[in-house]
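S.K.: Here it is, the structure, as C-alpha cells.
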Amino acid sequence: MRHPPRSVLLAVTGAVALVGAALVPVVSASGATPACTVQYTVTSQWDTGFQGSVTITNNMAAVSSWSLSFDFASGQKVTQGWNGTWSQAGTTVTAVNESWNGSLGTGASVSAGFLGSWSGSNAVPTTFKLNGTTCNVDAEPTPTPTPTGPPATGSAPALHVSGTKLVDAGGAPHRLLGVNRSGGEFMCVQGYGIWDGPVDDAAVKAIADWKANAVRIPLNEECWLGLSNIKPEYAGANYISAVKDLVARVESYGMTPILDLHWSHGQYTGNSAGCSDVHATCQKPMPDAQYAPSFWSSVAGTFKDDPAAVFDLFNEPYPDRATSTTTQAWECWRDGGTCPGIGYPVAGMQDLVNSVRGAGARNVIMIGGLAYSNDLSQWLTYEPTDPANNLVAAYHVYNFNTCSTESCWNSTLAPVAAKVPLVAGEIGENTCAHAFVDQVMKWFDDRGLSYLGWTWNTWDCSAGPSLISAYDGTPTAYGAGLHDHLKALNP
C-alpha cells in the first residue's frame with residue numbers, strides 16, 4: 001500500500017472541568033527490584049471521558065530519552081496529553097518524552113498525563129513497557145510459559161530459486177503464504193517509535209497461529225541508515241537492532257521474513273506524488289541513488305549469512321506516472337539514472353541487485369513491476385541480471401487496481417510465472433469483506449503461487465485495509481478471508 005495510516009500526534013490543550021478521582025495501584029511482582037515501575041492513576045472520570053496520569057520510575061541505567069507504551073483493553077482512546085508526546089495506534093498507547101524531560105537517571109521518576117474517552121468500561125492497562133522493557137515485574141528473568149499453540153521451532157527454511165519455484169534446502173517447493181506487518185516504514189520517520197503495535201513473542205506467535213509461514217516487514221531507509229532527521233532512539237543501530245530482533249522472532253516460528261524497502265529519500269512532486277518532502281515520509285516513484293544502494297548494501301551485509309531472509313527491493317515503483325512513455329518507464333525501472341519526470345537521481349533495480357550481491361549476500365530477491373507493482377507486463381523483458389540466479393517477480397493487487405481481473409492475470413501474470421517464481425507481496429481490498437481476495441487466492445492456489453495479505457495492523461479495514469482488530473490475531477471481517485483460507489490449507 002502507498003499510504004498506511006499514520007499514528008496520530010495528539011495536541012496539548014487547556015484544562016477542562018473534571019469530577020471524581022480513582023487511583024489504580026501498581027501491581028508489583030515480589031522479589032528483585034523491577035527494572036522500572038509505572039503508577040497508572042485515573043484522577044477523574046465522567047460519562048464518556050476520563051483524565052489519567054502515569055508516573056514512571058527508572059531503576060535501570062540512566063537514559064537520555066524515554067518511551068512508555070501500554071495497551072487499552074476496553075476501546076479507550078487518548079484524546080490529549082501533556083508532559084510527553086502521546087499517540088495511539090489501535091489499542092497501543094505510546095508516550096515519548098518532551099525535549100526537556102528526556103533524561104531519566106537511575107531511580108529517577110517522571111510524570112505525564114492525558115485525557116481519554118471510554119464507553120462501557122474503563123479497564124486498567126496491565127502491562128507497561130519503558131523503552132521496550134516490561135515494568136512492574138522482577139528484573140530477574142522468569143521462566144517462559146509453554147505456548148498453547150505451535151511452538152517456536154527456529155526452523156525457517158533456507159530458500160533459493162529453482163526454475164519457476166522457490167524451494168528449500170532439500171529442493172522441495174515452498175510457497176510463501178502470510179501477512180504484511182506494517183509500521184517500520186513510518187513510525188520512526190514520524191518520531192513515534194519503531195513498530196506500530198507489539199512485535200513481542202506473543203504478537204508474532206499470533207501470526208503463526210493463523211498458519212502463516214511468511215511475514216513481510218516494510219522498512220524505512222533513512223531510519224536504517226540513521227540520517228540526522230530521525231530521532232536517535234529510532235535510528236541507526238537502534239533501528240537495525242529492532243529489525244534483527246523481529247526477524248529472529250519471525251524465524252523462530254518457522255516463518256520467512258521478507259525485508260522490504262518501503263519509504264525512501266528523494267523529492268518528487270509530480271503526478272501521483274504521495275508527499276512533497278525530500279525525506280522518506282511516503283512512497284516515492286523509484287528508489288534514490290543517494291541512499292538506496294547504501295541501504296541495501298547494509299541490509300544485505302547484515303543478513304547475508306541468513307538464507308531464510310528474503311529481500312524485496314522496492315515496495316511499489318511507479319515511474320510510469322512520471323514518464324511519458326512505457327519504454328521510458330521500464331528503462332528507468334531497470335537502469336535508473338536520470339529519469340524523465342523524476343527530479344532526483346534514481347537507483348534502478350539492477351543497481352540494487354548489484355548492491356545486494358556486492359555485499360556478499362545470495363539471498364532470494366523480490367522485484368515488483370510498474371504501476372505500484374501491479375504491472376508485470378514487461379518484467380521479463382527488463383529483468384535485471386543476477387549472478388546468483390535468485391530473482392522473484394513481485395506483484396501487488398487490490399480490488400481498485402487496473403490489473404485486478406482473471407483475464408489480466410492470465411495475460412500478464414501467467415507468462416511471468418512460467419519463467420520465474422511469482423509472489424503477490426500484497427493482496428487486499430478496501431471493502432471490509434473478502435470476496436476479492438478469495439478470488440485472488442484461488443487463482444494463485446491453482447498455480448501453486450505465493451501471496452501475503454495486507455496488513456497485520458489494527459486499523460480501519462476500509463482505510464488500511466487491516467486484517468485484525470486486535471494483536472491477539474482476532475480477524476476483521478476482511479481478514480477472516482485470509483485467516484480461514486490459511487487454516488483450510490494447513491488444518
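We label chains A, B, ... in the order they appear in the C-alpha cells, count residues from 1 in each chain, and number ligands from 1 in the order shown.
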Any idea what's packed within 9 Å of A:Gly337, counting only C-alpha atoms, ignoring anything in its chain fewer than 3 positions away? Could you give it as a list in words?
M.R.: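 So the residues in contact are Ala289, Cys332, Tyr344, Pro345, Val346, Ala347 and Gly348 of chain A.
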S.K.: Tell me, as a list in words, which residues lie within 7 Å of stretch 354-366 of chain A, counting only C-alpha atoms; anything in the same chain fewer than 4 positions away does not count.
M.R.: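 My reading of the contact set: Leu159, His160, Pro293, Trp296, Ser297, Ala300, Gly301, Lys304, Pro307, Ala309, Val310, Phe311, Asp312, Leu313, Gln350, Ala388, Asn390, Leu391, Val392, Ala393 and Ala394 of chain A.
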S.K.: Please determine, counting only C-alpha atoms, which residue among A:Thr338, A:Ser87, A:Asn410, A:Gln290 has the shortest atom-to-atom distance to A:Ser69.
M.R.: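 Of the candidates, the smallest distance to A:Ser69 is held by A:Ser87.
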S.K.: Between atom CA of A:Cys461 and atom CA of A:Asp196, what is the distance, to one decimal in Å?
M.R.: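 Atom-to-atom, atom CA of A:Cys461 and atom CA of A:Asp196 are spaced 15.7 Å apart.
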S.K.: Show me, as a ChimeraX atom specification, the residues that have an atom within 9 Å of A:Val124 when counting only C-alpha atoms, minus same-chain residues fewer than 2 positions from it.
M.R.: /A:24,40,42,72-74,122,126
S.K.: Save out the residues we just selected, all heavy atoms, as a compact mmCIF listing (two decimals), in the first residue's frame.
M.R.:
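Below is the file that was written, again-v7.txt:
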```
# COMPACT_ATOMS: atom_id res chain seq x y z
N VAL A 24 -5.42 3.80 40.67
CA VAL A 24 -5.20 2.40 40.33
C VAL A 24 -3.81 2.02 40.80
O VAL A 24 -2.82 2.56 40.32
CB VAL A 24 -5.30 2.19 38.80
CG1 VAL A 24 -5.06 0.73 38.46
CG2 VAL A 24 -6.68 2.63 38.31
N TYR A 40 -0.13 3.96 37.35
CA TYR A 40 -1.19 4.44 36.46
C TYR A 40 -2.36 4.92 37.32
O TYR A 40 -2.89 4.17 38.14
CB TYR A 40 -1.64 3.30 35.54
CG TYR A 40 -2.76 3.63 34.58
CD1 TYR A 40 -2.49 4.02 33.28
CD2 TYR A 40 -4.10 3.53 34.97
CE1 TYR A 40 -3.50 4.30 32.38
CE2 TYR A 40 -5.12 3.80 34.08
CZ TYR A 40 -4.82 4.19 32.79
OH TYR A 40 -5.83 4.47 31.90
N VAL A 42 -6.13 6.98 37.50
CA VAL A 42 -7.30 7.64 36.93
C VAL A 42 -7.70 8.73 37.92
O VAL A 42 -8.23 8.45 38.99
CB VAL A 42 -8.46 6.65 36.72
CG1 VAL A 42 -9.69 7.39 36.19
CG2 VAL A 42 -8.05 5.54 35.76
N PHE A 72 -4.73 -0.40 25.89
CA PHE A 72 -6.07 -0.35 26.45
C PHE A 72 -6.83 -1.60 26.05
O PHE A 72 -6.74 -2.06 24.90
CB PHE A 72 -6.82 0.88 25.95
CG PHE A 72 -6.45 2.16 26.67
CD1 PHE A 72 -6.18 3.32 25.95
CD2 PHE A 72 -6.38 2.21 28.05
CE1 PHE A 72 -5.86 4.50 26.60
CE2 PHE A 72 -6.05 3.38 28.70
CZ PHE A 72 -5.79 4.53 27.98
N ALA A 73 -7.61 -2.14 26.98
CA ALA A 73 -8.34 -3.39 26.71
C ALA A 73 -9.82 -3.17 26.44
O ALA A 73 -10.52 -4.11 26.07
CB ALA A 73 -8.18 -4.34 27.90
N SER A 74 -10.31 -1.93 26.63
CA SER A 74 -11.76 -1.72 26.54
C SER A 74 -12.15 -0.64 25.53
O SER A 74 -13.20 -0.03 25.65
CB SER A 74 -12.30 -1.34 27.93
OG SER A 74 -11.96 -2.32 28.88
N ASN A 122 -13.82 0.99 31.68
CA ASN A 122 -12.56 1.72 31.62
C ASN A 122 -11.50 0.88 32.31
O ASN A 122 -10.94 1.26 33.34
CB ASN A 122 -12.71 3.09 32.28
CG ASN A 122 -11.52 4.00 32.02
OD1 ASN A 122 -10.65 3.69 31.21
ND2 ASN A 122 -11.47 5.12 32.72
N THR A 126 -2.67 -3.47 31.91
CA THR A 126 -1.98 -4.41 32.79
C THR A 126 -0.48 -4.50 32.55
O THR A 126 0.26 -4.97 33.41
CB THR A 126 -2.57 -5.82 32.62
OG1 THR A 126 -2.45 -6.21 31.24
CG2 THR A 126 -4.04 -5.85 33.03
```
S.K.: Give me, please, the distance in Å between atom CA of A:Leu413 and atom CA of A:Leu177, quoted to one decimal.
M.R.: 17.9 Å
S.K.: Report the residues of stretch 403-432 of chain A whose backbone DSSP state falls under alpha helix (DSSP H), written as a list of chain:residue names.
M.R.: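 Those residues are A:Glu406, A:Ser407, A:Cys408, A:Ala414, A:Pro415, A:Val416, A:Ala417.
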S.K.: Those same residues - N, CA and C atoms - I'd like them written as a PDB file, in the first residue's frame.
M.R.:
```pdb
ATOM      1  N   GLU A 406      -9.216 -11.798 -13.602  1.00  0.00           N
ATOM      2  CA  GLU A 406      -8.601 -13.038 -14.070  1.00  0.00           C
ATOM      3  C   GLU A 406      -8.065 -12.903 -15.485  1.00  0.00           C
ATOM      4  N   SER A 407      -8.748 -12.165 -16.321  1.00  0.00           N
ATOM      5  CA  SER A 407      -8.271 -12.009 -17.691  1.00  0.00           C
ATOM      6  C   SER A 407      -6.921 -11.305 -17.726  1.00  0.00           C
ATOM      7  N   CYS A 408      -6.738 -10.308 -16.872  1.00  0.00           N
ATOM      8  CA  CYS A 408      -5.447  -9.628 -16.807  1.00  0.00           C
ATOM      9  C   CYS A 408      -4.382 -10.547 -16.214  1.00  0.00           C
ATOM     10  N   ALA A 414       0.514 -14.948 -15.850  1.00  0.00           N
ATOM     11  CA  ALA A 414       0.810 -16.344 -16.187  1.00  0.00           C
ATOM     12  C   ALA A 414       2.103 -16.484 -16.987  1.00  0.00           C
ATOM     13  N   PRO A 415       2.378 -15.613 -17.972  1.00  0.00           N
ATOM     14  CA  PRO A 415       3.657 -15.744 -18.692  1.00  0.00           C
ATOM     15  C   PRO A 415       4.866 -15.520 -17.789  1.00  0.00           C
ATOM     16  N   VAL A 416       4.749 -14.617 -16.809  1.00  0.00           N
ATOM     17  CA  VAL A 416       5.854 -14.388 -15.879  1.00  0.00           C
ATOM     18  C   VAL A 416       6.054 -15.615 -14.996  1.00  0.00           C
ATOM     19  N   ALA A 417       4.948 -16.147 -14.469  1.00  0.00           N
ATOM     20  CA  ALA A 417       5.025 -17.317 -13.597  1.00  0.00           C
ATOM     21  C   ALA A 417       5.544 -18.544 -14.327  1.00  0.00           C
TER      22      ALA A 417
END
```
S.K.: Between A:Ile207, A:Ile240, A:Ile367, A:Leu489, which is the closest to A:Asn315 once you count only C-alpha atoms?
M.R.: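 Smallest separation from A:Asn315 among the options: A:Ile367.
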S.K.: Do a neighbour search on stretch 242-245 of chain A at 9 Å with only C-alpha atoms, toss out local chain neighbours closer than 3 positions, and write the hits as number ranges by chain.
M.R.: A: 184, 194-195, 217, 219, 237-239, 248-250, 302-303
S.K.: For the residues selected in the previous step, produce a file with N, CA and C atoms as a compact mmCIF listing (two decimals), in the first residue's frame.
M.R.:
```txt
# COMPACT_ATOMS: atom_id res chain seq x y z
N GLY A 184 7.26 -0.34 10.50
CA GLY A 184 8.67 0.01 10.45
C GLY A 184 9.01 1.02 9.38
N ILE A 194 9.35 2.63 16.62
CA ILE A 194 9.84 1.82 15.51
C ILE A 194 8.73 0.97 14.93
N TRP A 195 7.94 0.32 15.78
CA TRP A 195 6.86 -0.54 15.30
C TRP A 195 5.50 0.06 15.67
N ILE A 217 8.09 -7.33 6.09
CA ILE A 217 8.40 -6.28 7.06
C ILE A 217 8.83 -5.02 6.31
N LEU A 219 10.33 -1.40 5.59
CA LEU A 219 11.38 -0.64 6.27
C LEU A 219 11.52 0.75 5.68
N ALA A 237 21.70 2.17 14.71
CA ALA A 237 21.91 0.91 15.43
C ALA A 237 20.66 0.48 16.19
N ASN A 238 19.89 1.42 16.75
CA ASN A 238 18.68 1.06 17.49
C ASN A 238 17.63 0.47 16.55
N TYR A 239 17.48 1.09 15.38
CA TYR A 239 16.51 0.60 14.39
C TYR A 239 16.95 -0.76 13.87
N ALA A 248 14.42 -12.40 13.94
CA ALA A 248 14.70 -13.60 14.72
C ALA A 248 13.43 -14.22 15.28
N ARG A 249 12.50 -13.37 15.74
CA ARG A 249 11.23 -13.90 16.27
C ARG A 249 10.42 -14.56 15.16
N VAL A 250 10.35 -13.91 14.02
CA VAL A 250 9.61 -14.48 12.89
C VAL A 250 10.18 -15.84 12.52
N THR A 302 24.03 -7.35 6.66
CA THR A 302 23.51 -7.78 7.96
C THR A 302 22.93 -9.18 7.91
N PHE A 303 22.28 -9.53 6.80
CA PHE A 303 21.56 -10.81 6.73
C PHE A 303 22.14 -11.78 5.70
```
S.K.: Quick one: residues within 7 Å of A:Ala470, only C-alpha atoms counted, chain neighbours fewer than 3 positions away excluded, as a short mmCIF file (atom, residue, chain, number, x, y, z; two decimals) with N, CA, C and O atoms, in the first residue's frame?
M.R.:
```
data_model
loop_
_atom_site.label_atom_id
_atom_site.label_comp_id
_atom_site.auth_asym_id
_atom_site.auth_seq_id
_atom_site.Cartn_x
_atom_site.Cartn_y
_atom_site.Cartn_z
N THR A 458 -3.99 -3.04 13.42
CA THR A 458 -5.36 -2.82 13.88
C THR A 458 -5.87 -1.46 13.42
O THR A 458 -6.14 -0.57 14.22
N GLY A 473 -4.65 -11.62 17.17
CA GLY A 473 -4.99 -12.31 15.93
C GLY A 473 -6.47 -12.35 15.62
O GLY A 473 -6.87 -13.03 14.66
N THR A 474 -7.30 -11.63 16.36
CA THR A 474 -8.73 -11.58 16.06
C THR A 474 -8.93 -10.96 14.68
O THR A 474 -8.57 -9.81 14.46
#
```
S.K.: Could you give me, as a ChimeraX atom specification, each residue of stretch 144-365 of chain A that DSSP assigns to strand (DSSP E) when run on this structure's backbone?
M.R.: /A:160-162,165-167,177-180,214-220,256-263,310-312,365
